[in-house]
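*Asks:* Below is the file target25.tsv, which contains TSV, C-alpha atoms and all ligand atoms.
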chain	number	residue	atom	x	y	z
A	1	MET	CA	0.00	0.00	0.00
A	2	SER	CA	1.22	3.50	-0.81
A	3	ALA	CA	1.65	5.99	1.98
A	4	LEU	CA	1.04	8.96	-0.31
A	5	GLU	CA	-1.07	8.83	-3.44
A	6	PHE	CA	-2.00	11.67	-5.72
A	7	GLU	CA	-4.38	11.22	-8.57
A	8	GLY	CA	-5.30	13.51	-11.45
A	9	VAL	CA	-3.94	16.55	-9.61
A	10	HIS	CA	-4.40	19.94	-11.30
A	11	CYS	CA	-2.71	22.88	-9.64
A	12	GLY	CA	-1.79	26.46	-10.51
A	13	TYR	CA	-2.10	30.14	-9.76
A	14	ALA	CA	-5.28	32.20	-10.21
A	15	ASP	CA	-6.51	31.42	-13.74
A	16	THR	CA	-3.38	29.56	-14.81
A	17	THR	CA	-3.26	25.79	-14.50
A	18	VAL	CA	0.38	24.71	-14.31
A	19	VAL	CA	0.20	21.07	-13.24
A	20	ARG	CA	-2.20	18.97	-15.30
A	21	SER	CA	-3.59	15.64	-14.27
A	22	LEU	CA	-0.55	14.37	-12.41
A	23	SER	CA	-0.69	11.06	-10.61
A	24	GLY	CA	1.89	9.25	-8.55
A	25	SER	CA	2.57	7.51	-5.29
A	26	VAL	CA	5.23	6.75	-2.75
A	27	GLY	CA	5.31	3.90	-0.28
A	28	ALA	CA	6.66	3.92	3.26
A	29	GLY	CA	10.44	3.65	3.18
A	30	HIS	CA	10.70	4.99	-0.36
A	31	VAL	CA	11.83	8.06	-2.24
A	32	LEU	CA	9.95	9.42	-5.25
A	33	GLY	CA	12.20	11.66	-7.33
A	34	VAL	CA	10.61	14.40	-9.45
A	35	LEU	CA	12.66	15.65	-12.36
A	36	GLY	CA	12.11	18.05	-15.23
A	37	ARG	CA	13.45	21.16	-16.93
A	38	ASN	CA	13.09	24.63	-15.40
A	39	GLY	CA	9.55	25.92	-15.25
A	40	VAL	CA	7.76	22.62	-15.96
A	41	GLY	CA	5.82	22.80	-12.67
A	42	LYS	CA	7.87	20.72	-10.22
A	43	SER	CA	7.61	23.25	-7.39
A	44	THR	CA	3.92	23.80	-8.15
A	45	LEU	CA	3.33	20.05	-7.75
A	46	LEU	CA	5.08	20.07	-4.35
A	47	LYS	CA	3.00	23.09	-3.29
A	48	GLY	CA	-0.11	21.11	-4.15
A	49	LEU	CA	1.11	18.06	-2.23
A	50	SER	CA	2.11	20.14	0.81
A	51	GLY	CA	-1.03	22.26	1.06
A	52	VAL	CA	0.56	25.60	0.13
A	53	LEU	CA	-1.77	25.46	-2.90
A	54	THR	CA	-5.08	23.64	-3.02
A	55	PRO	CA	-5.36	21.47	-6.13
A	56	SER	CA	-8.20	22.64	-8.40
A	57	ALA	CA	-8.93	19.02	-9.34
A	58	GLY	CA	-7.75	15.56	-8.32
A	59	ARG	CA	-6.99	14.01	-4.97
A	60	VAL	CA	-4.11	13.81	-2.52
A	61	VAL	CA	-4.40	10.89	-0.12
A	62	TRP	CA	-2.00	10.48	2.77
A	63	GLN	CA	-2.07	7.31	4.88
A	64	GLY	CA	-5.60	6.62	3.68
A	65	ARG	CA	-6.86	10.12	4.53
A	66	ASP	CA	-7.98	12.57	1.84
A	67	VAL	CA	-5.91	15.71	2.54
A	68	THR	CA	-6.62	17.49	-0.78
A	69	ARG	CA	-8.36	20.44	0.83
A	70	LEU	CA	-6.25	20.65	3.99
A	71	ALA	CA	-3.86	23.55	4.50
A	72	LEU	CA	-0.12	23.18	5.12
A	73	HIS	CA	-0.38	23.30	8.94
A	74	GLN	CA	-3.19	20.73	8.93
A	75	ARG	CA	-1.15	18.34	6.79
A	76	ARG	CA	1.81	18.94	9.11
A	77	ALA	CA	-0.28	17.66	12.00
A	78	TYR	CA	-0.65	14.38	10.08
A	79	GLY	CA	3.08	13.97	9.69
A	80	MET	CA	3.72	15.71	6.34
A	81	SER	CA	6.59	18.23	6.12
A	82	TYR	CA	7.70	20.49	3.32
A	83	VAL	CA	10.91	22.37	2.53
A	84	PRO	CA	10.27	24.97	-0.20
A	85	GLN	CA	12.80	25.73	-2.93
A	86	GLU	CA	13.35	29.30	-1.81
A	87	ASN	CA	15.17	29.79	1.47
A	88	ILE	CA	12.99	29.99	4.50
A	89	VAL	CA	15.55	30.43	7.22
A	90	PHE	CA	15.14	33.53	9.33
A	91	GLY	CA	18.18	35.65	8.60
A	92	ASP	CA	18.01	37.75	11.76
A	93	LEU	CA	17.86	34.69	14.00
A	94	SER	CA	20.87	32.59	14.93
A	95	VAL	CA	21.45	29.15	13.43
A	96	ALA	CA	20.41	27.59	16.77
A	97	GLU	CA	17.23	29.70	16.95
A	98	ASN	CA	16.34	28.56	13.44
A	99	LEU	CA	17.00	24.92	14.34
A	100	TYR	CA	14.75	24.95	17.43
A	101	LEU	CA	11.97	27.04	15.91
A	102	HIS	CA	9.64	24.09	15.45
A	103	PHE	CA	10.10	22.78	18.95
A	104	ALA	CA	8.62	23.94	22.23
A	105	GLN	CA	11.83	22.99	24.00
A	106	LYS	CA	15.44	23.11	22.96
A	107	GLU	CA	16.39	19.46	22.84
A	108	PRO	CA	19.89	19.12	21.40
A	109	ARG	CA	19.46	15.33	21.18
A	110	ARG	CA	17.20	15.84	18.19
A	111	TYR	CA	20.24	17.14	16.36
A	112	ASP	CA	22.89	14.61	17.49
A	113	GLU	CA	22.88	12.75	14.20
A	114	ILE	CA	22.48	15.88	12.09
A	115	PHE	CA	25.33	17.69	13.82
A	116	ARG	CA	27.56	14.64	13.30
A	117	ALA	CA	26.72	14.71	9.59
A	118	PHE	CA	27.08	18.50	9.26
A	119	PRO	CA	29.57	19.79	11.86
A	120	LEU	CA	29.38	23.27	10.35
A	121	LEU	CA	25.83	23.64	11.69
A	122	ALA	CA	26.97	22.63	15.16
A	123	GLN	CA	29.93	24.99	15.07
A	124	ARG	CA	27.96	27.96	13.81
A	125	GLN	CA	24.97	27.79	16.13
A	126	ALA	CA	25.58	31.29	17.47
A	127	GLN	CA	26.00	32.83	13.99
A	128	ARG	CA	23.23	34.87	12.34
A	129	ALA	CA	21.58	32.60	9.77
A	130	GLY	CA	21.53	35.52	7.31
A	131	SER	CA	25.33	35.48	7.20
A	132	LEU	CA	25.47	31.87	5.94
A	133	SER	CA	26.04	31.14	2.26
A	134	GLY	CA	23.08	30.10	0.10
A	135	GLY	CA	24.11	26.45	0.25
A	136	GLU	CA	24.57	26.61	4.04
A	137	ARG	CA	21.08	28.09	4.42
A	138	LYS	CA	19.73	25.22	2.31
A	139	LEU	CA	21.45	22.78	4.62
A	140	LEU	CA	20.00	24.56	7.65
A	141	SER	CA	16.43	24.36	6.36
A	142	PHE	CA	16.96	20.69	5.40
A	143	ALA	CA	18.35	19.91	8.88
A	144	ARG	CA	15.52	21.70	10.64
A	145	THR	CA	12.89	19.74	8.75
A	146	LEU	CA	14.68	16.40	9.06
A	147	ALA	CA	14.75	16.88	12.84
A	148	LEU	CA	10.93	16.78	12.82
A	149	GLN	CA	11.20	13.08	11.88
A	150	SER	CA	8.05	13.35	9.77
A	151	ASP	CA	6.59	10.30	8.08
A	152	LEU	CA	6.62	12.20	4.77
A	153	THR	CA	8.99	14.97	3.75
A	154	LEU	CA	8.62	16.97	0.54
A	155	LEU	CA	11.95	18.52	-0.49
A	156	ASP	CA	12.23	21.09	-3.28
A	157	GLU	CA	15.77	21.15	-4.71
A	158	PRO	CA	17.49	20.52	-1.38
A	159	THR	CA	21.03	20.32	-2.77
A	160	GLU	CA	21.14	23.63	-4.67
A	161	GLY	CA	24.49	25.26	-3.79
A	162	VAL	CA	25.36	22.66	-1.12
A	163	GLN	CA	28.95	21.33	-1.03
A	164	PRO	CA	29.32	17.86	-2.61
A	165	GLU	CA	30.34	16.09	0.61
A	166	ASN	CA	27.27	17.49	2.36
A	167	VAL	CA	25.06	16.53	-0.58
A	168	GLN	CA	26.24	12.96	-0.14
A	169	ARG	CA	25.52	13.08	3.60
A	170	MET	CA	22.06	14.47	2.94
A	171	GLY	CA	21.43	11.40	0.79
A	172	GLU	CA	22.72	9.08	3.52
A	173	LEU	CA	20.43	10.68	6.12
A	174	ILE	CA	17.43	10.45	3.78
A	175	ARG	CA	18.06	6.76	3.13
A	176	LYS	CA	18.50	6.14	6.85
A	177	ARG	CA	15.10	7.75	7.52
A	178	CYS	CA	13.66	5.53	4.79
A	179	ARG	CA	14.98	2.43	6.56
A	180	GLU	CA	13.11	3.69	9.63
A	181	GLY	CA	9.90	3.82	7.55
A	182	ALA	CA	9.74	7.47	6.45
A	183	CYS	CA	9.14	8.47	2.83
A	184	PHE	CA	10.16	11.41	0.68
A	185	VAL	CA	9.15	13.23	-2.48
A	186	ILE	CA	12.21	15.08	-3.77
A	187	VAL	CA	12.44	17.58	-6.62
A	188	GLU	CA	16.02	17.73	-7.79
A	189	GLN	CA	18.19	18.82	-10.72
A	190	HIS	CA	21.19	16.76	-9.62
A	191	LEU	CA	20.56	13.58	-11.65
A	192	ASP	CA	23.36	11.40	-10.22
A	193	TRP	CA	22.29	12.15	-6.67
A	194	MET	CA	18.64	11.55	-7.52
A	195	LEU	CA	19.45	8.19	-9.12
A	196	SER	CA	21.50	7.22	-6.05
A	197	ILE	CA	18.66	7.80	-3.56
A	198	ALA	CA	15.33	7.49	-5.41
A	199	ASP	CA	13.27	4.31	-5.78
A	200	ARG	CA	10.90	5.71	-8.38
A	201	LEU	CA	11.09	8.65	-10.75
A	202	LEU	CA	8.50	11.01	-12.19
A	203	VAL	CA	9.73	13.14	-15.07
A	204	MET	CA	7.63	16.17	-15.96
A	205	GLU	CA	7.19	18.32	-19.04
A	206	HIS	CA	4.74	21.21	-19.34
A	207	GLY	CA	3.00	20.27	-16.12
A	208	GLU	CA	2.45	16.65	-17.14
A	209	ALA	CA	4.18	13.34	-16.49
A	210	VAL	CA	6.19	12.17	-19.50
A	211	LEU	CA	8.07	9.34	-17.83
A	212	ARG	CA	7.56	7.35	-14.67
A	213	GLY	CA	8.78	4.11	-13.20
A	214	THR	CA	11.34	2.56	-10.93
A	215	VAL	CA	14.95	3.75	-11.09
A	216	ALA	CA	15.92	0.18	-12.06
A	217	ASP	CA	13.53	0.19	-15.04
A	218	ILE	CA	14.15	3.69	-16.37
A	219	ASP	CA	17.06	4.18	-18.70
A	220	ARG	CA	19.31	7.08	-17.72
A	221	ALA	CA	19.73	8.29	-21.31
A	222	THR	CA	15.95	8.58	-21.65
A	223	VAL	CA	15.76	10.70	-18.50
A	224	GLU	CA	18.58	12.90	-19.77
A	225	ARG	CA	16.77	13.49	-23.05
A	226	HIS	CA	13.86	14.96	-21.10
A	227	LEU	CA	16.17	17.19	-19.08
A	228	LEU	CA	18.25	18.64	-21.91
A	229	VAL	CA	17.26	22.15	-22.86
B	1	LIG	N1	3.38	32.41	-7.64
B	1	LIG	C1	3.19	32.22	-8.96
B	1	LIG	N2	2.24	32.92	-9.64
B	1	LIG	C2	2.04	32.72	-10.96
B	1	LIG	N3	2.74	31.85	-11.72
B	1	LIG	C3	3.70	31.14	-11.09
B	1	LIG	C4	3.97	31.28	-9.70
B	1	LIG	N4	4.98	30.43	-9.37
B	1	LIG	C5	5.32	29.78	-10.51
B	1	LIG	N5	4.55	30.21	-11.55
B	1	LIG	C6	4.63	29.72	-12.94
B	1	LIG	O1	4.33	28.34	-12.96
B	1	LIG	C7	5.18	27.67	-13.91
B	1	LIG	C8	5.89	26.51	-13.23
B	1	LIG	O2	6.70	27.03	-12.17
B	1	LIG	P1	7.39	26.07	-11.10
B	1	LIG	O3	8.07	26.97	-10.14
B	1	LIG	O4	6.42	25.10	-10.59
B	1	LIG	O5	8.45	25.30	-12.03
B	1	LIG	P2	9.70	24.41	-11.62
B	1	LIG	O6	9.64	23.19	-12.47
B	1	LIG	O7	9.78	24.25	-10.17
B	1	LIG	O8	10.91	25.33	-12.13
B	1	LIG	P3	12.44	25.47	-11.56
B	1	LIG	O9	13.17	24.26	-12.08
B	1	LIG	O10	12.93	26.71	-12.19
B	1	LIG	O11	12.37	25.53	-10.07
B	1	LIG	C9	6.11	28.73	-14.48
B	1	LIG	O12	5.60	29.14	-15.72
B	1	LIG	C10	6.04	29.85	-13.47
B	1	LIG	O13	6.24	31.08	-14.07
B	2	MG	MG	11.08	24.81	-8.77
Starting from the coordinates I provided, produce the structure as structure tokens.

*Replies:*
Amino acid sequence: MSALEFEGVHCGYADTTVVRSLSGSVGAGHVLGVLGRNGVGKSTLLKGLSGVLTPSAGRVVWQGRDVTRLALHQRRAYGMSYVPQENIVFGDLSVAENLYLHFAQKEPRRYDEIFRAFPLLAQRQAQRAGSLSGGERKLLSFARTLALQSDLTLLDEPTEGVQPENVQRMGELIRKRCREGACFVIVEQHLDWMLSIADRLLVMEHGEAVLRGTVADIDRATVERHLLV
């Protein structure tokens, strides 16, 4: 049984429909990778799955519950988390303040594993988050959401600007969470990384799915053809 299923989802802005009739699913312990050229609607799809946008048609079902019309905070209460593409760290707050924002109490244990993977976050806890580089801010927002230990995490281009060794560690942490039963939907441009962590792929063009299947079944050259400008 799939943990997350979306079926015939249409999503867009005001009068413009961007995502058209998209369907897909991800099971517990799995990663669904979403790929596609710039502007094809990948982020719009994640907004529809997270509740930032309400799909104008179709259904989003999470753990057997229809969440299509629920807002972001309501979906969060059911164990769905979302990291948008654009940075959402609070620049005037310290790294530590950003990391503990979601929690009523500062519990450093939540970050033991994350600090081991990314010592720079541990070392820079007192630093203003606004003074981090773009890639470091990406890492911070990834770390903060991973610490929630959600059953489903939607990640929009998490590796943009992140140093290669940290990109690899992000992948290791994601796969570890999968072994613990969590699942992920990840939009990503970095094809090698995506192929190394995803179970299934969904390739989009003009708001629609043009290719889908397991990583084992999909031929890399075919994916690349859909990504070339
Ligand atoms: N807030 C918005 N209001 C109106 N149109 C938008 C908005 N955000 C995105 N769009 C449009 O929706 C289309 C798809 O954008 P989207 O951000 O989903 O693409 P994407 O595949 O994530 O692109 P990228 O790879 O550049 O992140 C684009 O034509 C874009 O201009
Ligand atoms: Mg995008």

*Asks:* Taking (0.5, 9.6, -10.1) as a centre in this file's frame and 8 Å as the limit, can you find every polymer residue with an atom that close, using all atoms listed in the file, and give them as a PyMOL selection string?

*Replies:* chain A and resi 5-8+22-25

*Asks:* Could the residues that lie within 9 Å of ligand MG 2 (chain B), counting all atoms listed in the file, be listed as a PyMOL selection string?

*Replies:* chain A and resi 38-44+46+84-86+156-157+187-188

*Asks:* Would you pick out the contacts of segment 212-218 of chain A at 6 Å or less, using all atoms listed in the file, so that residues sharing its chain but fewer than 4 positions from it are not included, and give the list as a PDB file with C-alpha atoms, keeping the file's coordinate frame?

*Replies:*
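For reference, around_29.pdb as written:
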ATOM      1  CA  ASP A 199      13.270   4.310  -5.780  1.00  0.00           C
ATOM      2  CA  ARG A 200      10.900   5.710  -8.380  1.00  0.00           C
ATOM      3  CA  LEU A 201      11.090   8.650 -10.750  1.00  0.00           C
ATOM      4  CA  LEU A 202       8.500  11.010 -12.190  1.00  0.00           C
TER       5      LEU A 202
END

*Asks:* For ligand LIG 1 (chain B), which residue out of A:Gly181, A:Leu45, A:His30, A:Gly91 is the nearest one, using all atoms listed in the file?

*Replies:*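 With all atoms listed in the file as the atom set, the closest residue is A:Leu45.
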
*Asks:* Rounded to one decimal place, report the atom CA of Gly64 of chain A-atom CA of Leu4 of chain A distance in Å.

*Replies:*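 Atom-to-atom, atom CA of Gly64 of chain A to atom CA of Leu4 of chain A, that is 8.1 Å.
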
*Asks:* Measure the distance from atom N1 of ligand LIG 1 (chain B) to atom CA of Val83 of chain A in Å and round it to one decimal.

*Replies:*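 Computed distance, atom N1 of ligand LIG 1 (chain B) to atom CA of Val83 of chain A, equals 16.2 Å.
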